[in-house]
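Novice: Please find one structure pasted underneath; my questions will follow.
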Amino acid sequence: MKIQSRGVKTLDFAGTSETVWERADFPKEKLAQIFAKDTMAVLGYGTQGMAQSLNMRDQGLNVIVGVRENGASWKQAIADGWVPGKTLFSMEQAAEKGTVVSFLLSDAGQKEAWPQIQPFITKGKTLFFSHGFGVVFHNQTGIVPPKDVDVVLAAPKGSGYTVRSLFLEGRGINSSVAIWQDFSGKARERAFAMGVAIGSGYLYETTFEKEVYSDLTGERGVLMGAIQGLFQAQYEVLRAAGHSPSEAFNETVEEATQSLYPLIGARGMDWMYANCSTTARRGALDWAPEFHKATKPVFQRLYESVANGSESQRSITENGRPDYRERFEAELKEIRESEMWRAGVTVRSLRPENQK
């Protein structure tokens with residue numbers, strides 16, 4: 001596997017100097033030294049648990065996995081080479097055996113499982129998270145770590161599938177790192193080392209609170225919630241004006257996701273403006289302030305809702321309902337069966353890579 005060469009740097013982020021830790025700061029030999037006496041217990045085998053445990057195993061660390069016995073995740077873990085009774089255990093058994101306990105269940109799952117896991121988070125251990133939700137909103141979740149353990153976070157900025165695929169490519173995803181509690185006096189180094197061990201390419205430091213607030217705002221905003229809302233609004237306007245479904249979808253979603261967004265990601269917004277038609281450039285520059293003015297108050301309300309705990313409480317309440325999956329599927333069905341996304345199925349089938 002090819003390993004990308006990196007090194008620690010202090011970089012200028014729009015006038016603010018920040019230190020960035022990189023993969024080469026923690027080569028496999030250093031990870032082996034830092035975690036020589038540790039057993040890495042990964043609780044949960046969703047996309048993050050799967051990716052992080054496999055990445056740590058591939059880097060030579062002593063890793064075990066804890067999941068509910070004989071469930072779908074248990075069967076998937078066995079398929080991935082984890083051996084019952086040796087490297088695969090119940091969550092309680094794994095938490096007891098582990099010295100670094102990665103609590104990678106869903107937010108609602110962490111709240112439910114914490115009473116069973118807490119007794120095994122004993123003095124000197126490290127409690128590791130990839131999202132600070134449970135600890136930051138402890139008044140709602142009940143997750144209050146004991147005072148005699150390290151509590152750290154490394155949060156990959158992407159799905160578990162991306163964490164794994166970028167690691168296998170010898171690259172690594174970007175992640176944030178934070179320290180909630182440093183009992184050992186070594187929590188900071190171990191947190192950054194954990195970030196590299198789970199598959200990060202570069203890491204920047206934040207706090208548990210800021211990680212949670214920015215993450216929840218992003219998910220509800222430009223990463224998913226706002227995008228769906230904007231797509232839907234433009235599509236509906238075009239359809240009401242007589243445009244066909246294929247034209248409305250192409251001008252709203254397909255061109256954005258297949259052409260423009262990748263270029264913006266690779267080169268920046270200014271490059272996109274400089275490399276489009278003069279008509280598109282002028283219109284985009286003129287209308288951007290209108291959308292900024294219209295949406296900033298919504299983002300301000302969103303951030304306040306995150307910071308005051310309203311969003312976390314809603315998430316806990318809704319995701320903890322007995323009929324959660326049925327209600328969630330009904331919401332997805334509404335999106336999936338909307339005209340816009342049904343049109344999208346046909347449009348995507350016409351992409352060259354989907355032609356048979």
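Scheme for the structure tokens: letters A, B, ... for chains in order shown; per-chain residue numbers from 1; ligand numbers from 1 in order shown.
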Taking a cut-off of 12 Å and counting only C-alpha atoms, can you build a table that, for each residue of segment 136-250 of chain A near segment 320-338 of chain A, reports the nearest atom pair and how far apart they are in Å (one decimal), sorted by chain then residue number, as a tab-separated table?

Specialist:
residue	atom	partner	partner_atom	distance
A:Thr141	CA	A:Gly320	CA	11.4
A:Gln228	CA	A:Ile335	CA	9.3
A:Gly229	CA	A:Ile335	CA	11.1
A:Phe231	CA	A:Ile335	CA	11.8
A:Gln232	CA	A:Ser338	CA	9.6
A:Tyr235	CA	A:Ser338	CA	11.1
A:Glu236	CA	A:Ser338	CA	10.9
A:Pro245	CA	A:Ser338	CA	11.2
A:Phe249	CA	A:Ser338	CA	11.9

Novice: Neighbouring residues of segment 199-208 of chain A were defined as those with any atom within 6 Å, considering only C-alpha atoms; residues of the same chain fewer than 5 positions away were excluded. Please report them as a list in words.

Specialist: Val20, Trp21, Glu22, Arg23, Asn55, Gly132, Phe167, Arg171, Gly172, Ile173, Asn174, Ser175, Ser176, Val177 and Ala178 of chain A

Novice: DSSP on the backbone, helix (DSSP H, G or I) only: what residues of segment 163-338 of chain A does that give? Format it as a PDB file with C-alpha atoms, in the first residue's frame.

Specialist:
ATOM      1  CA  VAL A 163     -12.413   6.854   5.635  1.00  0.00           C
ATOM      2  CA  ARG A 164     -11.666   3.328   4.463  1.00  0.00           C
ATOM      3  CA  SER A 165     -11.266   4.005   0.739  1.00  0.00           C
ATOM      4  CA  LEU A 166      -8.912   6.973   1.208  1.00  0.00           C
ATOM      5  CA  PHE A 167      -6.821   4.966   3.658  1.00  0.00           C
ATOM      6  CA  LEU A 168      -6.496   2.130   1.156  1.00  0.00           C
ATOM      7  CA  ALA A 187      -4.191  12.566  26.011  1.00  0.00           C
ATOM      8  CA  ARG A 188      -3.275  15.109  23.352  1.00  0.00           C
ATOM      9  CA  GLU A 189      -0.545  13.028  21.724  1.00  0.00           C
ATOM     10  CA  ARG A 190      -2.673   9.908  21.940  1.00  0.00           C
ATOM     11  CA  ALA A 191      -5.644  11.699  20.406  1.00  0.00           C
ATOM     12  CA  PHE A 192      -3.671  12.777  17.336  1.00  0.00           C
ATOM     13  CA  ALA A 193      -2.133   9.319  17.117  1.00  0.00           C
ATOM     14  CA  MET A 194      -5.614   7.813  17.217  1.00  0.00           C
ATOM     15  CA  GLY A 195      -6.651  10.165  14.438  1.00  0.00           C
ATOM     16  CA  VAL A 196      -3.908   8.782  12.200  1.00  0.00           C
ATOM     17  CA  ALA A 197      -4.500   5.208  13.360  1.00  0.00           C
ATOM     18  CA  PHE A 208     -15.733  18.903  21.610  1.00  0.00           C
ATOM     19  CA  GLU A 209     -18.302  21.704  21.573  1.00  0.00           C
ATOM     20  CA  LYS A 210     -17.113  23.267  18.329  1.00  0.00           C
ATOM     21  CA  GLU A 211     -16.908  19.893  16.599  1.00  0.00           C
ATOM     22  CA  VAL A 212     -20.519  19.147  17.513  1.00  0.00           C
ATOM     23  CA  TYR A 213     -21.890  22.591  16.720  1.00  0.00           C
ATOM     24  CA  SER A 214     -20.180  22.815  13.323  1.00  0.00           C
ATOM     25  CA  ASP A 215     -21.061  19.219  12.436  1.00  0.00           C
ATOM     26  CA  LEU A 216     -24.759  19.513  13.251  1.00  0.00           C
ATOM     27  CA  THR A 217     -24.961  22.895  11.506  1.00  0.00           C
ATOM     28  CA  GLY A 218     -23.271  21.535   8.386  1.00  0.00           C
ATOM     29  CA  GLU A 219     -25.485  18.443   8.162  1.00  0.00           C
ATOM     30  CA  ARG A 220     -28.632  20.486   8.464  1.00  0.00           C
ATOM     31  CA  GLY A 225     -30.599  19.967   4.454  1.00  0.00           C
ATOM     32  CA  ALA A 226     -30.080  23.261   2.650  1.00  0.00           C
ATOM     33  CA  ILE A 227     -29.017  21.510  -0.555  1.00  0.00           C
ATOM     34  CA  GLN A 228     -32.225  19.473  -0.709  1.00  0.00           C
ATOM     35  CA  GLY A 229     -34.269  22.591   0.029  1.00  0.00           C
ATOM     36  CA  LEU A 230     -32.530  24.666  -2.652  1.00  0.00           C
ATOM     37  CA  PHE A 231     -32.674  21.896  -5.235  1.00  0.00           C
ATOM     38  CA  GLN A 232     -36.384  21.418  -4.585  1.00  0.00           C
ATOM     39  CA  ALA A 233     -37.174  25.135  -4.726  1.00  0.00           C
ATOM     40  CA  GLN A 234     -35.411  25.743  -8.051  1.00  0.00           C
ATOM     41  CA  TYR A 235     -36.831  22.565  -9.585  1.00  0.00           C
ATOM     42  CA  GLU A 236     -40.380  23.558  -8.633  1.00  0.00           C
ATOM     43  CA  VAL A 237     -39.959  27.057 -10.069  1.00  0.00           C
ATOM     44  CA  LEU A 238     -38.680  25.672 -13.378  1.00  0.00           C
ATOM     45  CA  ARG A 239     -41.472  23.106 -13.590  1.00  0.00           C
ATOM     46  CA  ALA A 240     -44.125  25.722 -12.795  1.00  0.00           C
ATOM     47  CA  PRO A 245     -38.664  17.276 -15.720  1.00  0.00           C
ATOM     48  CA  SER A 246     -35.447  16.316 -17.521  1.00  0.00           C
ATOM     49  CA  GLU A 247     -34.523  19.937 -18.206  1.00  0.00           C
ATOM     50  CA  ALA A 248     -35.396  21.067 -14.693  1.00  0.00           C
ATOM     51  CA  PHE A 249     -33.340  18.256 -13.123  1.00  0.00           C
ATOM     52  CA  ASN A 250     -30.361  18.784 -15.410  1.00  0.00           C
ATOM     53  CA  GLU A 251     -30.252  22.525 -14.733  1.00  0.00           C
ATOM     54  CA  THR A 252     -30.770  22.060 -10.993  1.00  0.00           C
ATOM     55  CA  VAL A 253     -28.972  18.898  -9.866  1.00  0.00           C
ATOM     56  CA  GLU A 254     -27.084  17.140 -12.634  1.00  0.00           C
ATOM     57  CA  GLU A 255     -24.950  20.037 -13.837  1.00  0.00           C
ATOM     58  CA  ALA A 256     -24.212  21.042 -10.251  1.00  0.00           C
ATOM     59  CA  THR A 257     -23.125  17.634  -8.982  1.00  0.00           C
ATOM     60  CA  GLN A 258     -21.456  16.304 -12.123  1.00  0.00           C
ATOM     61  CA  SER A 259     -19.745  19.401 -13.492  1.00  0.00           C
ATOM     62  CA  LEU A 260     -19.583  22.462 -11.271  1.00  0.00           C
ATOM     63  CA  TYR A 261     -19.252  21.145  -7.692  1.00  0.00           C
ATOM     64  CA  PRO A 262     -16.217  18.951  -8.456  1.00  0.00           C
ATOM     65  CA  LEU A 263     -14.514  21.940 -10.078  1.00  0.00           C
ATOM     66  CA  ILE A 264     -15.345  24.221  -7.144  1.00  0.00           C
ATOM     67  CA  GLY A 265     -13.965  21.581  -4.780  1.00  0.00           C
ATOM     68  CA  ALA A 266     -10.774  21.233  -6.781  1.00  0.00           C
ATOM     69  CA  ARG A 267     -10.140  24.867  -7.717  1.00  0.00           C
ATOM     70  CA  MET A 269     -15.263  29.477  -6.318  1.00  0.00           C
ATOM     71  CA  ASP A 270     -13.196  32.268  -7.852  1.00  0.00           C
ATOM     72  CA  TRP A 271     -11.788  29.838 -10.413  1.00  0.00           C
ATOM     73  CA  MET A 272     -15.318  28.716 -11.267  1.00  0.00           C
ATOM     74  CA  TYR A 273     -16.400  32.319 -11.882  1.00  0.00           C
ATOM     75  CA  ALA A 274     -13.316  32.951 -14.016  1.00  0.00           C
ATOM     76  CA  THR A 278     -19.546  35.880 -19.088  1.00  0.00           C
ATOM     77  CA  THR A 279     -23.343  35.634 -18.848  1.00  0.00           C
ATOM     78  CA  ALA A 280     -23.203  32.972 -16.146  1.00  0.00           C
ATOM     79  CA  ARG A 281     -20.481  34.886 -14.322  1.00  0.00           C
ATOM     80  CA  ARG A 282     -22.408  38.146 -14.237  1.00  0.00           C
ATOM     81  CA  GLY A 283     -25.628  36.549 -13.088  1.00  0.00           C
ATOM     82  CA  ALA A 284     -23.963  34.465 -10.387  1.00  0.00           C
ATOM     83  CA  LEU A 285     -22.068  37.450  -8.989  1.00  0.00           C
ATOM     84  CA  ASP A 286     -25.233  39.556  -8.952  1.00  0.00           C
ATOM     85  CA  TRP A 287     -27.472  36.951  -7.318  1.00  0.00           C
ATOM     86  CA  ALA A 288     -25.033  35.542  -4.749  1.00  0.00           C
ATOM     87  CA  PRO A 289     -25.627  38.491  -2.366  1.00  0.00           C
ATOM     88  CA  GLU A 290     -29.394  37.955  -2.652  1.00  0.00           C
ATOM     89  CA  PHE A 291     -29.090  34.328  -1.587  1.00  0.00           C
ATOM     90  CA  HIS A 292     -26.645  35.298   1.177  1.00  0.00           C
ATOM     91  CA  LYS A 293     -29.108  37.866   2.508  1.00  0.00           C
ATOM     92  CA  ALA A 294     -32.023  35.438   2.316  1.00  0.00           C
ATOM     93  CA  THR A 295     -30.295  32.438   3.882  1.00  0.00           C
ATOM     94  CA  LYS A 296     -27.959  33.870   6.536  1.00  0.00           C
ATOM     95  CA  PRO A 297     -30.802  34.451   9.024  1.00  0.00           C
ATOM     96  CA  VAL A 298     -31.841  30.814   8.528  1.00  0.00           C
ATOM     97  CA  PHE A 299     -28.289  29.650   9.282  1.00  0.00           C
ATOM     98  CA  GLN A 300     -28.188  31.893  12.349  1.00  0.00           C
ATOM     99  CA  ARG A 301     -31.409  30.322  13.634  1.00  0.00           C
ATOM    100  CA  LEU A 302     -30.032  26.901  12.845  1.00  0.00           C
ATOM    101  CA  TYR A 303     -26.790  27.486  14.752  1.00  0.00           C
ATOM    102  CA  GLU A 304     -28.678  28.813  17.775  1.00  0.00           C
ATOM    103  CA  SER A 305     -30.927  25.754  17.682  1.00  0.00           C
ATOM    104  CA  VAL A 306     -27.825  23.553  17.709  1.00  0.00           C
ATOM    105  CA  ALA A 307     -26.036  25.481  20.446  1.00  0.00           C
ATOM    106  CA  SER A 310     -32.878  21.966  20.669  1.00  0.00           C
ATOM    107  CA  GLU A 311     -31.486  20.020  17.728  1.00  0.00           C
ATOM    108  CA  SER A 312     -29.824  17.397  19.893  1.00  0.00           C
ATOM    109  CA  GLN A 313     -33.002  16.881  21.924  1.00  0.00           C
ATOM    110  CA  ARG A 314     -35.068  16.513  18.771  1.00  0.00           C
ATOM    111  CA  SER A 315     -32.571  14.008  17.401  1.00  0.00           C
ATOM    112  CA  ILE A 316     -32.622  11.958  20.601  1.00  0.00           C
ATOM    113  CA  THR A 317     -36.419  12.038  20.810  1.00  0.00           C
ATOM    114  CA  GLU A 318     -37.131  11.241  17.178  1.00  0.00           C
ATOM    115  CA  ASN A 319     -34.391   8.640  16.746  1.00  0.00           C
ATOM    116  CA  TYR A 324     -38.270   5.365  14.209  1.00  0.00           C
ATOM    117  CA  ARG A 325     -37.352   3.215  11.220  1.00  0.00           C
ATOM    118  CA  GLU A 326     -40.894   3.201   9.839  1.00  0.00           C
ATOM    119  CA  ARG A 327     -41.183   6.984  10.179  1.00  0.00           C
ATOM    120  CA  PHE A 328     -37.726   7.482   8.647  1.00  0.00           C
ATOM    121  CA  GLU A 329     -38.564   5.243   5.690  1.00  0.00           C
ATOM    122  CA  ALA A 330     -41.761   7.232   5.127  1.00  0.00           C
ATOM    123  CA  GLU A 331     -39.710  10.453   4.951  1.00  0.00           C
ATOM    124  CA  LEU A 332     -37.244   8.867   2.538  1.00  0.00           C
ATOM    125  CA  LYS A 333     -40.105   7.533   0.433  1.00  0.00           C
ATOM    126  CA  GLU A 334     -41.525  11.028   0.097  1.00  0.00           C
ATOM    127  CA  ILE A 335     -38.173  12.287  -1.224  1.00  0.00           C
ATOM    128  CA  ARG A 336     -37.514   9.209  -3.352  1.00  0.00           C
TER     129      ARG A 336
END

Novice: Fewer than 3 positions away in the same chain doesn't count, so skip those; otherwise give me all residues within 7 Å of Thr87 of chain A, counting only C-alpha atoms, as a ChimeraX atom specification.

Specialist: /A:63-65,82-84

Novice: Using the selection just defined, write its residues with N, CA, C and O atoms as a compact mmCIF listing (two decimals), in the first residue's frame.

Specialist:
# COMPACT_ATOMS: atom_id res chain seq x y z
N VAL A 63 -6.48 -4.86 17.91
CA VAL A 63 -7.85 -4.36 17.80
C VAL A 63 -8.85 -5.48 18.05
O VAL A 63 -8.69 -6.60 17.55
N ILE A 64 -9.88 -5.16 18.82
CA ILE A 64 -11.03 -6.05 18.97
C ILE A 64 -12.29 -5.24 18.68
O ILE A 64 -12.29 -4.01 18.74
N VAL A 65 -13.36 -5.96 18.36
CA VAL A 65 -14.63 -5.32 18.00
C VAL A 65 -15.72 -5.81 18.93
O VAL A 65 -15.76 -7.01 19.27
N TRP A 82 -12.99 -10.79 11.62
CA TRP A 82 -12.96 -10.75 13.09
C TRP A 82 -13.46 -12.10 13.62
O TRP A 82 -14.44 -12.64 13.11
N VAL A 83 -12.79 -12.62 14.63
CA VAL A 83 -13.03 -13.99 15.08
C VAL A 83 -13.73 -13.99 16.44
O VAL A 83 -13.18 -13.45 17.42
N PRO A 84 -14.94 -14.57 16.53
CA PRO A 84 -15.64 -14.61 17.81
C PRO A 84 -14.78 -15.25 18.91
O PRO A 84 -14.15 -16.29 18.70

Novice: Using DSSP assignments from the backbone, pull out every residue in segment 58-300 of chain A that falls under strand (DSSP E or B) and give it to me as an MDAnalysis selection string.

Specialist: chainID A and resid 63:66 84 88:89 100:103 126:129 150:156 173:181 200:205

Novice: Here is a test: counting only C-alpha atoms, which residue of A:Met50, A:Ala95, A:Val100, A:Ala72 is nearest to Gln118 of chain A?

Specialist: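 Using only C-alpha atoms, Gln118 of chain A sits closest to A:Ala95.
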